[in-house]
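Q: Provided below: model.txt, containing compact mmCIF, C-alpha atoms.
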```txt
# COMPACT_ATOMS: atom_id res chain seq x y z
CA MET A 1 57.73 -39.20 -91.65
CA PRO A 2 54.82 -39.47 -94.10
CA ALA A 3 52.87 -36.29 -94.78
CA SER A 4 49.77 -35.75 -92.67
CA PRO A 5 46.51 -36.59 -94.48
CA PHE A 6 44.86 -33.65 -92.67
CA PRO A 7 47.44 -30.84 -92.56
CA ALA A 8 44.94 -27.97 -92.25
CA LEU A 9 43.16 -29.70 -89.37
CA ASP A 10 46.45 -30.51 -87.64
CA ALA A 11 47.39 -26.82 -87.87
CA VAL A 12 44.43 -25.75 -85.69
CA LEU A 13 44.35 -28.60 -83.17
CA GLY A 14 46.09 -26.50 -80.52
CA LEU A 15 43.25 -23.96 -80.67
CA LEU A 16 40.42 -26.45 -80.25
CA ARG A 17 38.68 -27.54 -77.06
CA CYS A 18 36.80 -30.77 -76.45
CA PRO A 19 33.12 -30.16 -77.21
CA VAL A 20 32.12 -32.41 -74.30
CA CYS A 21 34.41 -31.43 -71.40
CA ARG A 22 36.16 -28.31 -72.80
CA ALA A 23 39.57 -29.90 -72.20
CA PRO A 24 42.43 -28.48 -74.30
CA SER A 25 45.02 -30.44 -76.24
CA LEU A 26 42.94 -32.43 -78.68
CA ARG A 27 45.23 -34.83 -80.49
CA ARG A 28 44.75 -36.71 -83.72
CA GLU A 29 45.07 -40.49 -83.83
CA ARG A 30 44.81 -41.36 -87.51
CA SER A 31 41.23 -40.38 -88.38
CA VAL A 32 40.03 -39.69 -84.82
CA LEU A 33 40.39 -36.64 -82.59
CA ARG A 34 40.68 -37.44 -78.90
CA CYS A 35 40.83 -35.29 -75.77
CA PRO A 36 42.82 -36.17 -72.59
CA ALA A 37 39.60 -37.45 -70.96
CA GLY A 38 39.07 -39.90 -73.82
CA HIS A 39 36.22 -38.25 -75.69
CA ALA A 40 36.64 -39.13 -79.36
CA PHE A 41 35.42 -37.51 -82.59
CA ASP A 42 35.69 -38.97 -86.05
CA ILE A 43 37.29 -37.24 -89.00
CA ALA A 44 35.13 -37.94 -92.04
CA ARG A 45 36.76 -39.36 -95.13
CA HIS A 46 36.03 -36.02 -96.80
CA GLY A 47 38.36 -34.35 -94.26
CA TYR A 48 36.10 -32.47 -91.84
CA ALA A 49 35.98 -33.16 -88.09
CA GLY A 50 32.68 -34.37 -86.65
CA LEU A 51 32.69 -32.36 -83.42
CA LEU A 52 28.93 -31.90 -83.15
CA THR A 53 27.51 -34.14 -80.42
CA GLY A 54 24.03 -34.79 -79.07
CA ALA A 55 20.96 -33.53 -80.89
CA ARG A 56 21.80 -32.44 -84.41
CA ALA A 57 21.17 -28.91 -85.55
CA THR A 58 18.71 -28.39 -88.36
CA SER A 59 20.65 -26.94 -91.27
CA GLY A 60 19.14 -24.85 -94.03
CA ASP A 61 21.70 -26.26 -96.46
CA ASP A 62 20.28 -29.50 -97.80
CA PRO A 63 22.14 -31.39 -100.56
CA ALA A 64 20.19 -29.76 -103.42
CA MET A 65 20.91 -26.29 -102.05
CA VAL A 66 24.61 -27.05 -101.64
CA ARG A 67 24.92 -28.39 -105.18
CA ALA A 68 23.20 -25.27 -106.56
CA ARG A 69 25.52 -23.08 -104.47
CA GLU A 70 28.63 -24.88 -105.68
CA ARG A 71 27.63 -24.44 -109.31
CA PHE A 72 26.66 -20.79 -108.95
CA LEU A 73 29.64 -19.65 -106.87
CA SER A 74 32.10 -21.42 -109.15
CA GLY A 75 31.12 -18.96 -111.89
CA GLY A 76 32.48 -15.98 -109.92
CA ARG A 77 29.22 -14.04 -109.92
CA TYR A 78 29.53 -13.33 -106.17
CA GLY A 79 33.18 -12.35 -106.64
CA PRO A 80 32.62 -8.71 -105.57
CA VAL A 81 31.06 -9.88 -102.30
CA ARG A 82 33.93 -12.30 -101.68
CA ASP A 83 36.47 -9.56 -102.46
CA ALA A 84 34.82 -7.20 -99.96
CA VAL A 85 34.91 -9.90 -97.26
CA ALA A 86 38.57 -10.67 -97.98
CA GLU A 87 39.54 -6.99 -97.88
CA LEU A 88 37.85 -6.43 -94.52
CA ALA A 89 39.34 -9.64 -93.13
CA ALA A 90 42.84 -8.73 -94.30
CA GLU A 91 42.77 -5.57 -92.18
CA GLY A 92 42.26 -7.63 -89.02
CA CYS A 93 44.69 -10.51 -89.40
CA THR A 94 48.45 -10.59 -89.05
CA GLY A 95 51.07 -13.29 -89.50
CA SER A 96 49.84 -16.85 -88.99
CA GLY A 97 46.55 -15.91 -87.29
CA LEU A 98 43.27 -17.80 -87.48
CA VAL A 99 40.34 -16.89 -89.70
CA LEU A 100 37.20 -18.52 -88.30
CA ASP A 101 34.19 -18.75 -90.64
CA VAL A 102 31.00 -19.47 -88.70
CA GLY A 103 28.27 -20.93 -90.87
CA CYS A 104 30.91 -21.39 -93.56
CA GLY A 105 28.78 -23.31 -96.05
CA THR A 106 31.04 -24.53 -98.85
CA GLY A 107 34.00 -22.43 -97.65
CA TYR A 108 33.82 -19.97 -100.56
CA TYR A 109 34.35 -16.83 -98.47
CA LEU A 110 36.89 -18.44 -96.15
CA ALA A 111 38.99 -19.46 -99.16
CA GLY A 112 38.84 -15.91 -100.50
CA ALA A 113 40.08 -14.50 -97.19
CA LEU A 114 42.92 -17.01 -96.99
CA ASP A 115 44.01 -16.11 -100.51
CA ARG A 116 44.54 -12.56 -99.24
CA LEU A 117 46.34 -13.77 -96.09
CA PRO A 118 49.15 -16.12 -97.14
CA GLY A 119 50.28 -16.87 -93.57
CA ALA A 120 46.86 -17.41 -92.00
CA ARG A 121 45.10 -20.62 -91.03
CA GLY A 122 41.38 -21.14 -91.55
CA LEU A 123 38.62 -23.05 -89.80
CA GLY A 124 35.04 -23.29 -91.03
CA LEU A 125 32.15 -24.36 -88.80
CA ASP A 126 28.83 -25.51 -90.21
CA SER A 127 26.08 -28.01 -89.39
CA SER A 128 25.49 -29.12 -92.99
CA VAL A 129 27.42 -32.31 -93.68
CA ARG A 130 27.00 -31.87 -97.41
CA ALA A 131 28.45 -28.34 -97.29
CA LEU A 132 31.34 -29.45 -95.07
CA ARG A 133 32.46 -31.97 -97.68
CA THR A 134 33.23 -29.05 -99.95
CA ALA A 135 34.49 -26.70 -97.22
CA ALA A 136 37.10 -29.25 -96.13
CA ARG A 137 38.79 -28.97 -99.52
CA ALA A 138 38.00 -25.32 -100.31
CA HIS A 139 41.56 -24.21 -99.52
CA GLU A 140 44.78 -25.98 -98.58
CA ARG A 141 44.96 -23.99 -95.32
CA ALA A 142 41.28 -24.35 -94.39
CA ALA A 143 40.05 -26.99 -91.95
CA ALA A 144 36.35 -27.66 -91.40
CA ALA A 145 34.27 -29.05 -88.55
CA ALA A 146 30.64 -29.89 -87.92
CA TRP A 147 29.19 -27.49 -85.38
CA ASP A 148 26.04 -25.60 -84.37
CA VAL A 149 26.52 -21.82 -84.35
CA PHE A 150 24.17 -21.45 -81.38
CA ARG A 151 26.31 -23.59 -79.06
CA PRO A 152 29.57 -22.49 -77.39
CA PHE A 153 32.23 -22.92 -80.05
CA PRO A 154 34.79 -25.76 -79.60
CA LEU A 155 37.62 -23.22 -79.39
CA ALA A 156 39.76 -21.64 -76.70
CA ASP A 157 39.32 -18.01 -75.72
CA ARG A 158 40.89 -15.26 -77.86
CA VAL A 159 42.38 -17.47 -80.57
CA ALA A 160 40.85 -15.95 -83.72
CA ASP A 161 42.21 -12.91 -85.53
CA VAL A 162 39.12 -12.71 -87.73
CA VAL A 163 35.61 -14.15 -87.47
CA LEU A 164 33.50 -14.26 -90.63
CA ASP A 165 29.72 -14.44 -90.58
CA VAL A 166 28.45 -14.32 -94.16
CA PHE A 167 24.71 -14.86 -94.73
CA ALA A 168 24.74 -16.98 -91.56
CA PRO A 169 23.14 -17.03 -88.10
CA ARG A 170 24.97 -15.00 -85.46
CA ASN A 171 26.19 -15.70 -81.93
CA PRO A 172 27.71 -12.40 -80.77
CA ALA A 173 28.75 -13.64 -77.32
CA GLU A 174 30.79 -16.49 -78.80
CA PHE A 175 32.21 -14.29 -81.55
CA HIS A 176 33.50 -12.00 -78.81
CA ARG A 177 34.87 -14.81 -76.66
CA VAL A 178 37.00 -16.38 -79.39
CA LEU A 179 38.28 -13.13 -80.92
CA ARG A 180 41.57 -11.71 -79.73
CA PRO A 181 41.27 -8.12 -78.39
CA GLY A 182 42.64 -6.55 -81.59
CA GLY A 183 40.74 -8.84 -83.95
CA ARG A 184 37.73 -8.13 -86.09
CA LEU A 185 34.36 -9.59 -86.90
CA VAL A 186 33.02 -9.32 -90.47
CA VAL A 187 29.24 -9.66 -90.86
CA VAL A 188 27.59 -9.79 -94.28
CA ARG A 189 23.81 -9.67 -94.67
CA PRO A 190 21.39 -8.88 -97.50
CA THR A 191 19.62 -5.57 -97.94
CA GLY A 192 15.95 -5.40 -98.80
CA GLY A 193 16.85 -5.21 -102.50
CA HIS A 194 19.00 -8.34 -102.57
CA LEU A 195 17.75 -10.83 -105.19
CA ALA A 196 14.50 -8.85 -105.28
CA GLU A 197 13.71 -10.06 -108.80
CA LEU A 198 13.58 -13.65 -107.53
CA ARG A 199 11.09 -12.94 -104.78
CA ALA A 200 7.45 -11.98 -104.67
CA PRO A 201 7.02 -8.41 -103.44
CA VAL A 202 7.35 -8.39 -99.65
CA ALA A 203 7.55 -5.65 -97.07
CA VAL A 204 11.11 -5.05 -95.97
CA ASP A 205 11.43 -5.15 -92.19
CA PRO A 206 12.75 -1.68 -91.30
CA ALA A 207 13.86 -2.92 -87.86
CA LYS A 208 16.26 -5.57 -89.16
CA GLU A 209 19.36 -3.38 -88.98
CA GLU A 210 18.31 -2.02 -85.60
CA ARG A 211 18.01 -5.57 -84.23
CA LEU A 212 21.49 -6.31 -85.49
CA ARG A 213 22.81 -3.17 -83.83
CA ARG A 214 21.22 -4.09 -80.50
CA ALA A 215 22.54 -7.66 -80.65
CA MET A 216 26.09 -6.51 -81.37
CA GLU A 217 26.25 -3.48 -79.10
CA PRO A 218 27.16 -5.27 -75.83
CA TYR A 219 30.14 -6.93 -77.49
CA PHE A 220 31.27 -4.95 -80.56
CA THR A 221 31.70 -1.51 -82.06
CA ALA A 222 31.07 -1.11 -85.79
CA ALA A 223 34.21 0.18 -87.49
CA VAL A 224 33.17 0.37 -91.14
CA THR A 225 30.23 -0.69 -93.32
CA GLU A 226 30.47 -1.23 -97.06
CA ARG A 227 27.56 -1.64 -99.45
CA VAL A 228 28.17 -4.04 -102.32
CA GLU A 229 25.52 -3.69 -105.01
CA TYR A 230 25.46 -4.62 -108.68
CA VAL A 231 23.20 -6.20 -111.28
CA LEU A 232 23.87 -9.64 -112.71
CA SER A 233 22.97 -10.65 -116.23
CA VAL A 234 22.37 -14.36 -115.91
CA PRO A 235 21.26 -17.19 -118.20
CA PRO A 236 18.32 -19.30 -116.97
CA ALA A 237 20.54 -22.09 -115.60
CA ASP A 238 22.44 -19.66 -113.35
CA ALA A 239 19.24 -17.94 -112.24
CA ARG A 240 17.81 -21.35 -111.36
CA ASP A 241 20.89 -22.18 -109.27
CA LEU A 242 20.80 -18.79 -107.56
CA LEU A 243 17.18 -19.39 -106.63
CA GLY A 244 17.90 -22.99 -105.65
CA MET A 245 20.70 -22.09 -103.22
CA THR A 246 18.40 -19.91 -101.10
CA PRO A 247 15.66 -20.95 -98.66
CA THR A 248 13.14 -19.43 -101.10
CA ALA A 249 13.47 -22.61 -103.18
CA ARG A 250 11.64 -24.58 -100.49
CA HIS A 251 8.51 -22.51 -100.93
CA LEU A 252 8.15 -22.92 -104.67
CA GLY A 253 5.26 -24.83 -106.14
CA PRO A 254 5.61 -27.63 -108.71
CA ALA A 255 5.43 -25.20 -111.65
CA GLU A 256 8.70 -23.90 -113.13
CA PRO A 257 9.14 -20.29 -111.94
CA VAL A 258 9.61 -17.45 -114.41
CA LEU A 259 13.28 -16.59 -114.07
CA PRO A 260 14.53 -13.04 -114.70
CA ARG A 261 17.62 -12.39 -116.78
CA ARG A 262 18.82 -9.49 -114.63
CA ILE A 263 19.13 -9.90 -110.86
CA THR A 264 20.26 -7.41 -108.21
CA VAL A 265 22.94 -8.34 -105.68
CA SER A 266 22.81 -5.98 -102.70
CA VAL A 267 24.53 -6.66 -99.38
CA LEU A 268 26.04 -4.82 -96.44
CA ALA A 269 29.42 -5.88 -95.04
CA THR A 270 30.35 -4.51 -91.62
CA ALA A 271 33.65 -4.90 -89.79
CA TYR A 272 33.35 -4.79 -86.01
CA ARG A 273 35.93 -4.31 -83.25
CA PRO A 274 35.47 -6.13 -79.93
CA ARG A 275 34.61 -3.93 -76.96
```
Show how you would write the structure in this file as structure tokens.

A:
Amino acid sequence: MPASPFPALDAVLGLLRCPVCRAPSLRRERSVLRCPAGHAFDIARHGYAGLLTGARATSGDDPAMVRARERFLSGGRYGPVRDAVAELAAEGCTGSGLVLDVGCGTGYYLAGALDRLPGARGLGLDSSVRALRTAARAHERAAAAAWDVFRPFPLADRVADVVLDVFAPRNPAEFHRVLRPGGRLVVVRPTGGHLAELRAPVAVDPAKEERLRRAMEPYFTAAVTERVEYVLSVPPADARDLLGMTPTARHLGPAEPVLPRRITVSVLATAYRPR
């Protein structure tokens, strides 16, 4: 038999549910996924599954932001953050389990986790078509699908060993539903000092971490939190890409901003256990 053109997607089909009727057993017919009731979803030529139906989510990742992110991340400057995510993920996944990256962007962090977990499968969900084109080829064991993080995920219950949420919106109820009882959720978010040199002085919301705690508390217990903080020395082109890959870029005026040569990276990475 000829090799499958979508091996990573085929590897997770048994875990998916139809986004329309929630039926199990999606099957692939060439470049279409179909459920037993006949609902069909195209697989884009770039390799990701178009599962998102109805009104489209508004994504923060427009094409210019994705291109800037691809260039910046390819230089390894967020390597320490990716390593921290992979280490926390590796402690929650065994054998051929599933790593689900919600709001996966270009798949950079999902690929890092899969590198640490040679038997695992990966699935990235995102609403940005431009980002999904990259995520679908980020790793040979990573599939990608268009989805809105705020809707019920197109997955069966308790199928994920690890859920990643890196600089992305959160849906704690769905994270909990799809995680197996012994799995773990890894959440990465910026501190008030993250990329501070690229932003005008703003008041840091002291309640941000408390809101996260309250949102997670009904579903998860925090197991460990790591702080990843370091200073980058960057040439202007990299600083421009770092600025361009964040929502801050949308608020810039027509004038070229003054770009610093040293920029602080400061994030918190927390691993949670399901309650």

Q: What residues have an atom no more than 7 Å from (30.1, -11.1, -91.0) in the file's own frame, counting only C-alpha atoms, and can you write them as a PyMOL selection string?

A: chain A and resi 164-166+185-188+269-270

Q: Would you please work out which residue, of A:Leu52, A:Val163, A:Tyr230, A:Ala156, is nearest to A:Ser25 when using all atoms listed in the file?

A: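 Looking at the shortest contact to A:Ser25, the residue is A:Ala156.
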
Q: Determine, counting all atoms listed in the file, which protein, DNA and RNA residues have an atom within 12 Å of an atom of A:Gly50; residues of the same chain fewer than 4 positions away are not included. Present the result as number ranges by chain.

A: A: 9, 18-19, 31-34, 40-46, 54, 56, 125-129, 132-133, 136, 143-148, 154

Q: Just how far from atom CA of A:Leu15 is atom CA of A:Leu179, in Å to one decimal?

A: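 Answer for the atom CA of A:Leu179 to atom CA of A:Leu15 separation: 11.9 Å.
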
Q: In Å, how far is it from atom CA of A:Tyr48 to atom CA of A:Asn171?

A: 21.9 Å

Q: Rank nothing, just name the residue among A:Leu268, A:Ala173, A:Leu212, A:Ala168 nearest to A:Phe153, using only C-alpha atoms.

A: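 Counting only C-alpha atoms, the residue closest to A:Phe153 is A:Ala173.
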
Q: Quick one: residues within 7 Å of A:Val267, all atoms listed in the file, excluding same-chain residues fewer than 2 positions away - as a compact mmCIF listing (two decimals) with C-alpha atoms, in the frame of the given file?

A:
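Resulting contents of around.txt:
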```
# COMPACT_ATOMS: atom_id res chain seq x y z
CA VAL A 188 27.59 -9.79 -94.28
CA ARG A 189 23.81 -9.67 -94.67
CA PRO A 190 21.39 -8.88 -97.50
CA THR A 191 19.62 -5.57 -97.94
CA HIS A 194 19.00 -8.34 -102.57
CA ARG A 227 27.56 -1.64 -99.45
CA VAL A 228 28.17 -4.04 -102.32
CA GLU A 229 25.52 -3.69 -105.01
CA VAL A 265 22.94 -8.34 -105.68
CA ALA A 269 29.42 -5.88 -95.04
```

Q: When distances are computed from all atoms listed in the file, which of A:Val12, A:Val102, A:Leu242, A:Ala138 shows the smallest separation from A:Pro172?

A: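 Residue with the minimum atom-to-atom distance to A:Pro172: A:Val102.
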
Q: Measure the distance from atom CA of A:Asp241 to atom CA of A:Gly192 in Å and round it to one decimal.

A: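 It comes out at 20.4 Å.
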
Q: Of the residues A:Gly122, A:Pro24, A:Gly105, A:Gly38, which is the one nearest to A:Ala142, using all atoms listed in the file?

A: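 That would be A:Gly122, the residue with the smallest distance to A:Ala142.
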
Q: Pick out the closest residue to A:Gly14 from this set: A:Ala120, A:Leu110, A:Leu73, A:Leu155. Count all atoms listed in the file.

A: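 Closest residue, counting all atoms listed in the file: A:Leu155.
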
Q: Give me, as a PyMOL selection string, all polymer residues having an atom no more than 9 Å from A:Pro7, counting only C-alpha atoms and skipping those fewer than 3 positions away in the same chain.

A: chain A and resi 3-4+10-11+140-141+143

Q: Please identify all polymer residues within 6 Å of stretch 87-99 of chain A, counting all atoms listed in the file, omitting same-chain residues fewer than 5 positions from it, and present them as a ChimeraX atom specification.

A: /A:119-122,160-163,183-184

Q: Would you output that residue set with C-alpha atoms, as an mmCIF file, keeping the file's coordinate frame?

A:
```cif
data_model
loop_
_atom_site.group_PDB
_atom_site.id
_atom_site.type_symbol
_atom_site.label_atom_id
_atom_site.label_comp_id
_atom_site.auth_asym_id
_atom_site.auth_seq_id
_atom_site.Cartn_x
_atom_site.Cartn_y
_atom_site.Cartn_z
ATOM 1 C CA GLY A 119 50.280 -16.870 -93.570
ATOM 2 C CA ALA A 120 46.860 -17.410 -92.000
ATOM 3 C CA ARG A 121 45.100 -20.620 -91.030
ATOM 4 C CA GLY A 122 41.380 -21.140 -91.550
ATOM 5 C CA ALA A 160 40.850 -15.950 -83.720
ATOM 6 C CA ASP A 161 42.210 -12.910 -85.530
ATOM 7 C CA VAL A 162 39.120 -12.710 -87.730
ATOM 8 C CA VAL A 163 35.610 -14.150 -87.470
ATOM 9 C CA GLY A 183 40.740 -8.840 -83.950
ATOM 10 C CA ARG A 184 37.730 -8.130 -86.090
#
```

Q: From the list A:Pro169, A:Pro5, A:Pro118, A:Pro260, which residue is nearest A:Gly47 when using all atoms listed in the file?

A: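 Among the listed residues, the smallest separation from A:Gly47 belongs to A:Pro5.
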
Q: Around all the atoms of stretch 135-139 of chain A listed in the file, draw an axis-aligned box and extend it by 8 Å on each of the six sides; I want its centre and edge lengths in Å to one decimal, as JSON.

A:
```
{"center_x": 38.0, "center_y": -26.7, "center_z": -98.2, "size_x": 23.1, "size_y": 21.0, "size_z": 20.2}
```

Q: Tell me which residues come within 10 Å of (28.4, -15.7, -110.2), as a list of chain:residue names, counting all atoms listed in the file in the file's coordinates.

A: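 In the file's frame, the residues around the point are A:Arg69, A:Arg71, A:Phe72, A:Leu73, A:Ser74, A:Gly75, A:Gly76, A:Arg77, A:Tyr78, A:Gly79, A:Pro80, A:Leu232, A:Ser233, A:Val234, A:Asp238, A:Ala239, A:Asp241, A:Leu242.
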
Q: Which residues are near A:Pro274? Cut-off 9 Å, only C-alpha atoms, ignore same chain within fewer than 2 positions. Put them as a PyMOL selection string.

A: chain A and resi 175-176+179-185+219-222+272
